[in-house]
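Structure below is protein-v6.cif: mmCIF, C-alpha atoms and all ligand atoms.
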```cif
data_query
loop_
_atom_site.label_atom_id
_atom_site.label_comp_id
_atom_site.auth_asym_id
_atom_site.auth_seq_id
_atom_site.Cartn_x
_atom_site.Cartn_y
_atom_site.Cartn_z
CA MET U 1 20.30 31.60 15.60
CA THR U 2 22.22 33.04 12.68
CA LEU U 3 22.79 30.45 9.98
CA LYS U 4 26.17 30.18 8.38
CA THR U 5 27.05 26.66 7.24
CA ILE U 6 24.59 24.38 5.45
CA LEU U 7 25.19 20.69 4.73
CA VAL U 8 23.82 19.92 1.25
CA THR U 9 23.50 16.17 0.74
CA GLY U 10 23.21 15.33 -2.97
CA GLY U 11 24.65 18.76 -3.75
CA ALA U 12 26.47 17.45 -6.84
CA GLY U 13 23.13 16.64 -8.47
CA TYR U 14 20.77 18.75 -10.55
CA ILE U 15 18.68 20.60 -7.96
CA GLY U 16 21.33 20.38 -5.22
CA SER U 17 24.02 22.12 -7.29
CA HIS U 18 21.68 25.00 -8.19
CA THR U 19 20.80 25.29 -4.51
CA ALA U 20 24.46 25.33 -3.43
CA LYS U 21 24.96 28.27 -5.77
CA ALA U 22 21.88 30.06 -4.37
CA LEU U 23 23.12 29.48 -0.81
CA ALA U 24 26.53 30.95 -1.63
CA HIS U 25 24.86 33.95 -3.27
CA SER U 26 22.82 34.44 -0.07
CA GLY U 27 26.01 34.64 2.00
CA LEU U 28 25.78 31.06 3.33
CA ARG U 29 28.46 28.38 3.12
CA PRO U 30 27.38 25.12 1.46
CA ILE U 31 29.14 21.87 2.34
CA VAL U 32 28.26 19.35 -0.37
CA TYR U 33 28.06 15.72 0.76
CA ASP U 34 27.56 13.30 -2.15
CA ASP U 35 28.67 9.83 -3.21
CA PHE U 36 28.83 11.04 -6.84
CA SER U 37 26.83 8.01 -7.98
CA ASN U 38 24.62 10.31 -10.07
CA GLY U 39 26.11 13.73 -9.42
CA HIS U 40 29.00 15.56 -11.04
CA ARG U 41 32.20 16.74 -9.37
CA ASP U 42 32.28 19.69 -11.80
CA ALA U 43 28.88 20.81 -10.50
CA VAL U 44 30.33 21.47 -7.03
CA ARG U 45 31.76 24.94 -7.31
CA TRP U 46 30.45 26.67 -4.21
CA GLY U 47 31.77 25.64 -0.79
CA SER U 48 33.44 22.36 0.15
CA SER U 49 32.90 18.91 -1.33
CA ILE U 50 32.89 15.70 0.72
CA GLN U 51 32.49 12.22 -0.75
CA GLY U 52 30.31 9.97 1.37
CA ASP U 53 27.23 7.79 1.46
CA VAL U 54 24.14 9.40 2.92
CA ARG U 55 23.30 6.19 4.80
CA ASP U 56 26.55 6.51 6.80
CA GLN U 57 25.37 8.20 9.99
CA ALA U 58 28.79 8.22 11.67
CA ARG U 59 30.41 9.98 8.72
CA LEU U 60 27.57 12.49 8.47
CA ALA U 61 27.94 13.30 12.17
CA GLU U 62 31.70 13.67 11.74
CA VAL U 63 31.19 16.13 8.86
CA MET U 64 28.49 18.06 10.75
CA LYS U 65 30.86 18.47 13.71
CA LEU U 66 33.95 19.26 11.66
CA PHE U 67 32.29 22.03 9.64
CA GLU U 68 30.01 23.27 12.48
CA VAL U 69 26.94 22.73 10.33
CA ASP U 70 23.87 24.82 11.28
CA ALA U 71 21.21 23.13 9.10
CA VAL U 72 20.83 20.42 6.46
CA ILE U 73 19.26 20.41 3.02
CA HIS U 74 18.78 16.78 2.07
CA PHE U 75 18.63 16.09 -1.69
CA ALA U 76 20.59 12.82 -1.86
CA GLY U 77 18.40 10.04 -3.15
CA LEU U 78 17.38 7.93 -6.09
CA ILE U 79 14.89 9.54 -8.47
CA GLU U 80 13.84 7.35 -11.38
CA VAL U 81 10.28 6.19 -10.87
CA ALA U 82 10.48 3.27 -13.35
CA ARG U 83 13.67 1.96 -11.74
CA SER U 84 12.02 2.09 -8.32
CA VAL U 85 9.47 -0.44 -9.54
CA ILE U 86 12.15 -2.98 -10.50
CA ALA U 87 14.57 -2.22 -7.64
CA PRO U 88 12.35 -1.25 -4.69
CA ASP U 89 14.86 -2.50 -2.10
CA LEU U 90 17.46 -0.01 -3.30
CA PHE U 91 15.01 2.90 -3.32
CA TRP U 92 13.72 2.18 0.17
CA ASP U 93 17.27 1.77 1.41
CA VAL U 94 18.73 5.01 -0.01
CA ASN U 95 15.62 7.18 0.25
CA LEU U 96 14.43 6.13 3.71
CA ASN U 97 17.57 4.91 5.48
CA GLY U 98 19.37 7.97 4.08
CA VAL U 99 16.89 10.23 5.87
CA ALA U 100 17.14 8.14 9.05
CA ALA U 101 20.94 8.55 9.02
CA VAL U 102 20.68 12.33 8.44
CA LEU U 103 18.20 12.66 11.33
CA GLY U 104 20.35 10.49 13.60
CA ALA U 105 23.46 12.55 12.84
CA MET U 106 21.52 15.78 13.46
CA ARG U 107 20.45 14.52 16.89
CA GLN U 108 24.01 13.46 17.68
CA THR U 109 25.42 16.87 16.83
CA GLY U 110 22.58 19.21 17.83
CA VAL U 111 21.69 20.37 14.29
CA ARG U 112 18.05 21.44 14.39
CA ARG U 113 16.54 21.91 10.94
CA VAL U 114 16.36 19.74 7.81
CA VAL U 115 14.84 20.80 4.51
CA PHE U 116 13.89 17.68 2.57
CA SER U 117 13.40 17.01 -1.16
CA SER U 118 9.96 15.51 -1.44
CA THR U 119 7.81 15.20 -4.51
CA ALA U 120 4.34 15.48 -6.02
CA ALA U 121 4.62 11.68 -6.43
CA VAL U 122 3.36 11.41 -2.81
CA TYR U 123 -0.12 12.28 -4.18
CA GLY U 124 -0.12 9.26 -6.48
CA GLN U 125 -3.00 9.31 -8.90
CA PRO U 126 -5.47 12.03 -7.98
CA VAL U 127 -9.03 11.38 -9.19
CA ALA U 128 -8.71 10.94 -12.97
CA ASP U 129 -11.09 13.62 -14.15
CA ASP U 130 -10.18 16.15 -11.48
CA LEU U 131 -8.05 18.77 -13.20
CA GLY U 132 -7.98 20.99 -10.15
CA ARG U 133 -4.82 22.08 -8.38
CA LEU U 134 -3.59 19.97 -5.48
CA ASP U 135 -2.96 21.46 -2.08
CA GLU U 136 -1.06 19.74 0.73
CA ASP U 137 -4.28 18.39 2.29
CA GLU U 138 -4.88 16.23 -0.78
CA VAL U 139 -4.85 12.53 0.07
CA THR U 140 -1.33 11.09 -0.13
CA ALA U 141 -1.49 7.74 -1.92
CA PRO U 142 1.72 7.09 -3.86
CA ILE U 143 1.58 4.43 -6.55
CA ASN U 144 5.25 3.42 -6.83
CA PRO U 145 8.16 2.67 -4.47
CA TYR U 146 9.74 6.04 -5.29
CA GLY U 147 6.70 7.99 -4.03
CA GLU U 148 6.17 5.57 -1.14
CA SER U 149 9.77 5.94 0.07
CA LYS U 150 9.50 9.74 -0.08
CA LEU U 151 6.21 9.79 1.87
CA ALA U 152 7.67 7.44 4.50
CA ALA U 153 10.70 9.74 4.78
CA GLU U 154 8.41 12.75 5.33
CA ARG U 155 6.64 10.84 8.10
CA LEU U 156 9.93 9.91 9.74
CA ILE U 157 10.98 13.56 9.75
CA ALA U 158 7.60 14.63 11.21
CA ALA U 159 7.92 11.98 13.95
CA HIS U 160 11.43 13.19 14.80
CA ALA U 161 10.15 16.76 14.98
CA ARG U 162 7.42 15.73 17.44
CA ALA U 163 9.55 13.41 19.56
CA TYR U 164 12.95 15.12 19.61
CA GLY U 165 12.24 18.77 18.82
CA LEU U 166 13.91 18.73 15.40
CA GLU U 167 12.47 20.94 12.66
CA GLY U 168 11.58 19.62 9.22
CA VAL U 169 10.35 21.17 5.99
CA ALA U 170 9.38 18.75 3.23
CA LEU U 171 9.30 20.55 -0.10
CA ARG U 172 7.11 18.67 -2.56
CA TYR U 173 8.44 19.61 -5.97
CA PHE U 174 6.27 19.18 -9.01
CA ASN U 175 8.30 18.93 -12.28
CA ALA U 176 11.74 20.49 -11.84
CA ALA U 177 13.08 21.87 -15.12
CA GLY U 178 15.29 24.56 -16.67
CA ALA U 179 18.89 25.51 -15.98
CA ASP U 180 21.01 28.20 -14.41
CA PRO U 181 20.60 31.23 -16.75
CA SER U 182 24.33 31.99 -16.67
CA GLY U 183 25.05 28.55 -18.13
CA GLU U 184 27.21 27.33 -15.22
CA LEU U 185 24.86 24.49 -14.23
CA GLY U 186 22.12 22.36 -15.72
CA GLU U 187 20.41 18.99 -15.80
CA ALA U 188 22.70 16.06 -16.67
CA HIS U 189 21.10 12.84 -15.44
CA ALA U 190 22.91 9.75 -16.76
CA CYS U 191 19.59 8.04 -17.36
CA GLU U 192 17.24 10.86 -18.37
CA SER U 193 13.53 10.27 -17.85
CA HIS U 194 12.19 13.84 -17.76
CA LEU U 195 10.13 15.26 -20.63
CA ILE U 196 11.84 18.61 -21.23
CA PRO U 197 15.45 17.38 -21.63
CA LEU U 198 14.23 14.46 -23.78
CA ALA U 199 12.15 16.77 -25.99
CA ILE U 200 15.09 19.17 -26.33
CA GLU U 201 17.36 16.31 -27.37
CA ALA U 202 14.79 15.28 -29.99
CA ALA U 203 14.55 18.87 -31.25
CA LEU U 204 18.34 19.27 -31.49
CA GLY U 205 18.81 15.91 -33.19
CA LEU U 206 20.73 14.57 -30.18
CA GLY U 207 18.18 11.90 -29.35
CA PRO U 208 15.28 9.97 -30.87
CA ALA U 209 11.97 11.61 -31.75
CA LEU U 210 9.83 12.29 -28.71
CA THR U 211 7.08 9.82 -27.83
CA ILE U 212 3.99 11.41 -26.32
CA HIS U 213 2.39 8.88 -24.02
CA GLY U 214 -1.33 9.27 -24.62
CA ALA U 215 -3.33 12.03 -26.29
CA ASP U 216 -6.79 11.01 -25.12
CA TYR U 217 -6.82 12.39 -21.58
CA PRO U 218 -9.76 14.55 -20.49
CA THR U 219 -7.68 17.72 -20.87
CA PRO U 220 -8.01 20.59 -23.37
CA ASP U 221 -5.63 19.02 -25.94
CA GLY U 222 -5.81 15.41 -24.75
CA GLY U 223 -2.27 15.40 -23.29
CA CYS U 224 -1.29 15.10 -19.62
CA LEU U 225 -1.00 18.38 -17.74
CA ARG U 226 2.05 18.94 -15.56
CA ASP U 227 3.36 21.82 -13.47
CA TYR U 228 6.91 22.77 -14.49
CA VAL U 229 8.91 24.76 -11.97
CA HIS U 230 12.28 26.32 -12.76
CA VAL U 231 15.20 24.83 -10.84
CA CYS U 232 16.33 28.33 -9.79
CA ASP U 233 12.88 28.98 -8.28
CA LEU U 234 13.28 25.69 -6.39
CA ALA U 235 16.77 26.67 -5.22
CA ARG U 236 15.45 29.98 -3.84
CA ALA U 237 12.68 28.16 -1.95
CA HIS U 238 15.28 26.01 -0.15
CA VAL U 239 17.13 29.08 1.09
CA LEU U 240 13.84 30.55 2.37
CA ALA U 241 12.85 27.24 4.03
CA LEU U 242 15.96 27.34 6.23
CA THR U 243 14.49 30.17 8.31
CA ALA U 244 10.72 29.94 7.72
CA PRO U 245 8.64 29.92 10.93
CA LEU U 246 7.04 26.50 11.46
CA SER U 247 3.89 25.37 13.25
CA PRO U 248 4.35 24.17 16.86
CA ASN U 249 4.71 20.52 15.79
CA GLY U 250 7.90 21.53 13.95
CA PHE U 251 7.06 20.06 10.55
CA GLU U 252 5.59 21.43 7.32
CA ALA U 253 4.94 19.86 3.93
CA ILE U 254 4.91 22.50 1.21
CA ASN U 255 4.13 22.22 -2.51
CA LEU U 256 6.53 23.90 -4.92
CA GLY U 257 5.02 24.49 -8.31
CA SER U 258 4.03 27.35 -10.57
CA GLY U 259 0.32 26.60 -10.21
CA ALA U 260 -0.06 26.36 -14.00
CA GLY U 261 -0.66 23.12 -15.90
CA HIS U 262 1.03 22.66 -19.27
CA SER U 263 0.42 19.79 -21.66
CA VAL U 264 3.14 17.87 -23.50
CA LEU U 265 2.13 19.72 -26.67
CA ASP U 266 2.54 23.06 -24.85
CA VAL U 267 6.12 21.97 -24.05
CA VAL U 268 6.71 20.94 -27.67
CA GLY U 269 5.32 24.33 -28.80
CA ALA U 270 7.76 26.19 -26.52
CA ILE U 271 10.64 24.14 -27.90
CA ASP U 272 9.50 24.81 -31.48
CA ARG U 273 9.51 28.54 -30.69
CA ALA U 274 13.05 28.29 -29.30
CA THR U 275 14.48 26.35 -32.26
CA GLY U 276 12.33 27.88 -35.00
CA ARG U 277 11.48 24.42 -36.34
CA ALA U 278 9.14 21.53 -35.57
CA THR U 279 10.23 19.06 -32.90
CA PRO U 280 9.81 15.47 -34.18
CA TYR U 281 7.33 13.47 -32.11
CA SER U 282 4.90 10.58 -32.32
CA ILE U 283 1.91 9.69 -30.19
CA GLY U 284 2.05 6.40 -28.32
CA PRO U 285 -0.29 4.68 -25.87
CA ARG U 286 -0.86 5.97 -22.35
CA ARG U 287 1.64 4.89 -19.68
CA GLU U 288 0.23 3.03 -16.73
CA GLY U 289 -0.08 5.24 -13.66
CA ASP U 290 0.16 8.61 -15.43
CA PRO U 291 -2.48 10.90 -13.94
CA ALA U 292 -4.25 13.29 -16.34
CA ALA U 293 -3.12 16.30 -14.33
CA LEU U 294 -0.60 17.06 -11.58
CA VAL U 295 -0.68 20.75 -10.85
CA ALA U 296 0.27 22.44 -7.58
CA ASP U 297 -1.72 24.81 -5.49
CA PRO U 298 1.35 26.71 -4.24
CA SER U 299 -0.51 29.01 -1.79
CA ARG U 300 1.10 27.50 1.30
CA ALA U 301 4.57 28.23 -0.11
CA GLY U 302 3.42 31.84 -0.53
CA ARG U 303 2.15 32.05 3.06
CA LEU U 304 4.97 30.21 4.85
CA LEU U 305 8.01 30.97 2.69
CA GLY U 306 6.99 34.19 0.98
CA TRP U 307 7.76 32.28 -2.23
CA ARG U 308 6.23 32.10 -5.62
CA ALA U 309 7.60 30.87 -8.92
CA GLU U 310 9.16 33.79 -10.79
CA GLN U 311 11.23 32.14 -13.52
CA SER U 312 8.88 29.30 -14.38
CA SER U 313 7.25 30.36 -17.65
CA LEU U 314 7.60 27.53 -20.16
CA ASP U 315 9.60 29.81 -22.46
CA GLU U 316 12.13 30.68 -19.73
CA ILE U 317 12.43 27.04 -18.68
CA VAL U 318 12.94 25.83 -22.25
CA THR U 319 15.33 28.63 -23.23
CA THR U 320 17.65 28.03 -20.27
CA ALA U 321 17.48 24.22 -20.57
CA MET U 322 18.23 24.40 -24.29
CA ALA U 323 21.15 26.80 -23.86
CA TRP U 324 22.60 24.37 -21.31
CA ARG U 325 22.10 21.33 -23.53
CA LYS U 326 23.82 23.09 -26.42
CA ALA U 327 26.86 23.98 -24.30
CA PRO U 328 26.94 21.78 -21.19
CA ARG U 329 29.86 22.26 -18.81
CA PHE U 330 29.69 18.66 -17.59
CA GLY U 331 27.76 15.43 -17.97
CA PHE U 332 27.69 15.18 -21.78
CA ASP U 333 30.03 14.83 -24.68
CA ARG U 334 30.70 18.54 -25.14
CA THR U 335 31.60 18.23 -28.79
CA ILE U 336 28.18 16.82 -29.64
CA GLY U 337 26.45 19.44 -27.47
CA ALA U 338 28.43 22.32 -28.93
CA ALA U 339 27.81 21.18 -32.50
CA ALA U 340 24.05 21.27 -32.13
N1 LIG U 401 14.19 16.27 -10.61
C1 LIG U 401 12.89 16.35 -10.28
O1 LIG U 401 12.01 16.71 -11.10
C2 LIG U 401 12.46 16.02 -8.86
C3 LIG U 401 11.09 16.12 -8.55
C4 LIG U 401 10.69 15.82 -7.25
C5 LIG U 401 11.63 15.48 -6.29
N2 LIG U 401 12.94 15.38 -6.61
C6 LIG U 401 13.89 14.99 -5.55
O2 LIG U 401 14.92 15.96 -5.47
C7 LIG U 401 16.16 15.35 -5.12
C8 LIG U 401 17.22 15.78 -6.10
O3 LIG U 401 16.80 15.43 -7.42
P1 LIG U 401 17.76 15.68 -8.66
O4 LIG U 401 16.91 15.74 -9.88
O5 LIG U 401 18.68 16.79 -8.35
O6 LIG U 401 18.54 14.29 -8.68
P2 LIG U 401 20.08 13.97 -8.94
O7 LIG U 401 20.19 12.51 -9.21
O8 LIG U 401 20.63 14.91 -9.96
O9 LIG U 401 20.74 14.32 -7.53
C9 LIG U 401 20.76 13.40 -6.46
C10 LIG U 401 22.16 13.39 -5.88
O10 LIG U 401 22.20 12.46 -4.79
C11 LIG U 401 23.41 11.73 -4.86
N3 LIG U 401 23.22 10.44 -4.20
C12 LIG U 401 22.44 9.40 -4.60
N4 LIG U 401 22.55 8.38 -3.73
C13 LIG U 401 23.40 8.78 -2.77
C14 LIG U 401 23.93 8.18 -1.59
N5 LIG U 401 23.58 6.92 -1.24
N6 LIG U 401 24.79 8.87 -0.81
C15 LIG U 401 25.16 10.15 -1.17
N7 LIG U 401 24.71 10.76 -2.27
C16 LIG U 401 23.84 10.10 -3.06
C17 LIG U 401 23.70 11.59 -6.36
O11 LIG U 401 25.07 11.32 -6.63
C18 LIG U 401 23.24 12.94 -6.89
O12 LIG U 401 24.29 13.88 -6.91
C19 LIG U 401 15.91 13.85 -5.09
O13 LIG U 401 15.79 13.43 -3.75
C20 LIG U 401 14.61 13.69 -5.86
O14 LIG U 401 13.88 12.60 -5.41
C21 LIG U 401 13.39 15.65 -7.88
#
```

Spit out the file's structure as structure tokens when you get a sec.
Amino acid sequence: MTLKTILVTGGAGYIGSHTAKALAHSGLRPIVYDDFSNGHRDAVRWGSSIQGDVRDQARLAEVMKLFEVDAVIHFAGLIEVARSVIAPDLFWDVNLNGVAAVLGAMRQTGVRRVVFSSTAAVYGQPVADDLGRLDEDEVTAPINPYGESKLAAERLIAAHARAYGLEGVALRYFNAAGADPSGELGEAHACESHLIPLAIEAALGLGPALTIHGADYPTPDGGCLRDYVHVCDLARAHVLALTAPLSPNGFEAINLGSGAGHSVLDVVGAIDRATGRATPYSIGPRREGDPAALVADPSRAGRLLGWRAEQSSLDEIVTTAMAWRKAPRFGFDRTIGAAA
């Protein structure tokens, strides 16, 4: 089947908007479906834009029929780990019932494939002193409602693939970062919890000094190691996942990461190089539940998608994210951004 029209739930958000652009550049037609609770109308510039809740199966089915949708990429969801601990009901509702509604609407309308935004949080806390890279056979043992809701959603998709012949690809992103190199899109979360945008704000004087949570981990410089993957690399993987051949059970979970672990101080060093001055930071205590290392073994993505990270050096990630933060097109007070 030749693909033409792709429903992109959550396409007004950070990774979804970059993916909508990548789809359009691949000759596909994105239809963004978002409730704009955390996304930005100005980020939807490729294809059509529909306002709706992802838990509304009837509306999803209506949109799938109306636009003759061929496949779905499902980003819509809630993402802040700390908030999931204090509002688990909301996270389970949006992140699991959202997937159930998407799957139900797909069955109603005969849409076959869904590509799903999963996360390295499904692995929970790998053995503390194991700094090795994680492949998809690693034990899944999430330690917060965010990771639990994503793992449950993966399982629901796999069960639908087995029972009803749907096809599902769960892409487990490690740390998404960076911005569209042409400056049209970037990260603009209302409540930012990710290291790189917070460190950039500290470096540009737009936010408080960075707090590094723990410097006594069993890693080369004592800081946590994370795998940062450029949002444009992620976007490209979604386009590839739409047509990747799947195993007979119709479901694959695939890690998306660069395969390289970088410490918080490595990130600070890259930001220092970009600004030419020292980023202000202090060292605080460890945060509960932070594993020493979360680094992907991305070999399966290479085998099944023909994908590897190509734009995910720390310098490229930091340069694009900083250019965006200095001149954001939406999501921030532009005057402050432009003055930095
Ligand atoms: N950012 C990361 O580092 C990261 C890492 C792993 C996984 N993920 C997953 O990737 C997906 C996208 O992440 P992001 O960083 O782009 O987040 P984001 O918040 O920028 O985008 C999510 C989008 O979903 C929309 N949305 C939320 N609830 C909705 C609802 N009930 N109905 C319709 N739309 C709704 C929001 O308005 C937003 O536009 C999420 O599912 C997230 O869990 C992100």

Contacts of chain U with ligand LIG 401 (chain U) up to 6 Å, shortest pair per row, all atoms listed in the file, as a tab-separated table:
```
residue	atom	partner	partner_atom	distance
U:Gly10	CA	U:LIG401	O10	3.5
U:Gly11	CA	U:LIG401	O12	5.8
U:Ala12	CA	U:LIG401	O12	4.2
U:Gly13	CA	U:LIG401	O12	3.4
U:Tyr14	CA	U:LIG401	O5	3.6
U:Ile15	CA	U:LIG401	O5	3.8
U:Gly16	CA	U:LIG401	O5	5.5
U:Asp34	CA	U:LIG401	N7	3.8
U:Asp35	CA	U:LIG401	C15	4.1
U:Phe36	CA	U:LIG401	O11	3.8
U:Ser37	CA	U:LIG401	O11	4.0
U:Asn38	CA	U:LIG401	O11	3.6
U:Gly39	CA	U:LIG401	O12	3.1
U:Gly52	CA	U:LIG401	C15	5.7
U:Asp53	CA	U:LIG401	N6	3.5
U:Val54	CA	U:LIG401	N6	3.8
U:Phe75	CA	U:LIG401	C7	4.3
U:Ala76	CA	U:LIG401	O10	3.4
U:Gly77	CA	U:LIG401	O13	4.3
U:Leu78	CA	U:LIG401	C12	5.5
U:Ile79	CA	U:LIG401	O14	4.4
U:Val94	CA	U:LIG401	N5	5.4
U:Ser117	CA	U:LIG401	O2	4.7
U:Ser118	CA	U:LIG401	C5	5.1
U:Thr119	CA	U:LIG401	C4	4.0
U:Tyr173	CA	U:LIG401	C4	4.6
U:Phe174	CA	U:LIG401	C3	5.7
U:Asn175	CA	U:LIG401	O1	4.5
U:Ala176	CA	U:LIG401	O1	3.9
U:His189	CA	U:LIG401	O8	5.9
```

Please identify all polymer residues within 12 Å of Ala22 of chain U, counting all atoms listed in the file, omitting same-chain residues fewer than 6 positions from it, and present them as a list in words.
->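 The contact residues come out as Ile6, Val8, Gly11, Ile15, Gly16, Leu28, Arg29, Pro30, Arg45, Trp46, Gly47, Asp180, Leu185, Val231, Cys232, Asp233, Leu234, Ala235, Arg236, Ala237, His238, Val239 and Leu240 of chain U.
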
From U:Ser282, U:Ser312, U:Thr9, U:Thr320, residue lying nearest Ile50 of chain U [all atoms listed in the file] | U:Thr9

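You can rank U:Gly205, U:Pro328, U:Pro248, U:Pro88 by their closest distance to Ser182 of chain U using only C-alpha atoms, and at the top of that list sits U:Pro328.
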
Using only C-alpha atoms, the shortest atom-to-atom distance to Leu256 of chain U among U:Pro145, U:Gly284, U:Pro291, U:Gly302 belongs to U:Gly302

Measuring atom to atom with only C-alpha atoms, identify which of U:Asp89, U:Asp135, U:Glu80, U:Glu167 is nearest to Cys191 of chain U.
->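 So, comparing all the options, the nearest one is U:Glu80.
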
Residues within 10 Å of Asp315 of chain U, only C-alpha atoms, excluding chain neighbours under 6 positions, as a list of chain:residue names =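 Once the nearby chain positions are removed, what remains is U:Gly178, U:Val267, U:Gly269, U:Ala270, U:Ile271, U:Arg273, U:Ala274, U:Ala321.
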
Using 12 Å as the limit and counting only C-alpha atoms, can you tabulate each residue of segment 210-252 of chain U that touches segment 108-112 of chain U, with its shortest atom-to-atom distance in Å and the two atoms involved, as a Markdown table?
```
| residue | atom | partner | partner_atom | distance |
| --- | --- | --- | --- | --- |
| U:Leu242 | CA | U:Arg112 | CA | 10.3 |
| U:Thr243 | CA | U:Arg112 | CA | 11.2 |
| U:Gly250 | CA | U:Arg112 | CA | 10.2 |
| U:Phe251 | CA | U:Arg112 | CA | 11.7 |
```

May I ask for the distance between atom CA of Ala153 of chain U and atom CA of Ile86 of chain U, given in Å to one decimal place?
-> 19.9 Å

Of the residues U:His74, U:Asp93, U:Arg155, U:Ala260, which is the one nearest to Phe116 of chain U, using only C-alpha atoms?
->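 Among the listed residues, the smallest separation from Phe116 of chain U belongs to U:His74.
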
Hey, can you pull every residue with an atom no more than 6 Å from (-2.8, 13.5, -16.4), using all atoms listed in the file, and send it as an NGL selection string?
-> :U and (224-225 or 290-293)

Length of the atom CA of Ile73 of chain U to atom CA of Ala327 of chain U vector [Å] =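 That distance, rounded to one decimal, is 28.6 Å.
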
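Distances here use only C-alpha atoms; by that measure, the residue among U:Ala278, U:Val114, U:Leu206, U:Ala323 closest to Val72 of chain U is U:Val114.
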
Go ahead and compute the interatomic distance for atom CA of His230 of chain U and atom CA of Thr319 of chain U, in Å to one decimal.
-> 11.1 Å

Around (5.3, 29.4, 0.7) in the file's frame, which residues reach within 9 Å when counting all atoms listed in the file? Return as an MDAnalysis selection string?
-> chainID U and resid 237 240:241 244 254:256 298:308

Kindly export the residues of the current selection with C-alpha atoms, as a short mmCIF file (atom, residue, chain, number, x, y, z; two decimals), in the coordinates of the input.
```cif
data_model
loop_
_atom_site.label_atom_id
_atom_site.label_comp_id
_atom_site.auth_asym_id
_atom_site.auth_seq_id
_atom_site.Cartn_x
_atom_site.Cartn_y
_atom_site.Cartn_z
CA ALA U 237 12.68 28.16 -1.95
CA LEU U 240 13.84 30.55 2.37
CA ALA U 241 12.85 27.24 4.03
CA ALA U 244 10.72 29.94 7.72
CA ILE U 254 4.91 22.50 1.21
CA ASN U 255 4.13 22.22 -2.51
CA LEU U 256 6.53 23.90 -4.92
CA PRO U 298 1.35 26.71 -4.24
CA SER U 299 -0.51 29.01 -1.79
CA ARG U 300 1.10 27.50 1.30
CA ALA U 301 4.57 28.23 -0.11
CA GLY U 302 3.42 31.84 -0.53
CA ARG U 303 2.15 32.05 3.06
CA LEU U 304 4.97 30.21 4.85
CA LEU U 305 8.01 30.97 2.69
CA GLY U 306 6.99 34.19 0.98
CA TRP U 307 7.76 32.28 -2.23
CA ARG U 308 6.23 32.10 -5.62
#
```

Arg55 of chain U surroundings by all atoms listed in the file, 10 Å radius, close-in-sequence under 5 positions cut, as JSON, numbers by chain = {"U": [60, 76, 93, 94, 95, 96, 97, 98, 99, 100, 101, 102]}

Near Lys4 of chain U, counting all atoms listed in the file, which residues have an atom at most 10 Å away, once you skip same-chain residues fewer than 3 positions from it, shown as a compact mmCIF listing (two decimals) with C-alpha atoms, keeping the file's coordinate frame?
```txt
# COMPACT_ATOMS: atom_id res chain seq x y z
CA MET U 1 20.30 31.60 15.60
CA LEU U 23 23.12 29.48 -0.81
CA GLY U 27 26.01 34.64 2.00
CA LEU U 28 25.78 31.06 3.33
CA ARG U 29 28.46 28.38 3.12
CA PRO U 30 27.38 25.12 1.46
CA GLU U 68 30.01 23.27 12.48
CA VAL U 69 26.94 22.73 10.33
CA ASP U 70 23.87 24.82 11.28
CA ALA U 71 21.21 23.13 9.10
```

Neighbours of Gly124 of chain U within 6 Å (all atoms listed in the file; same-chain residues fewer than 4 positions away dropped), as a PyMOL selection string?
-> chain U and resi 141-143
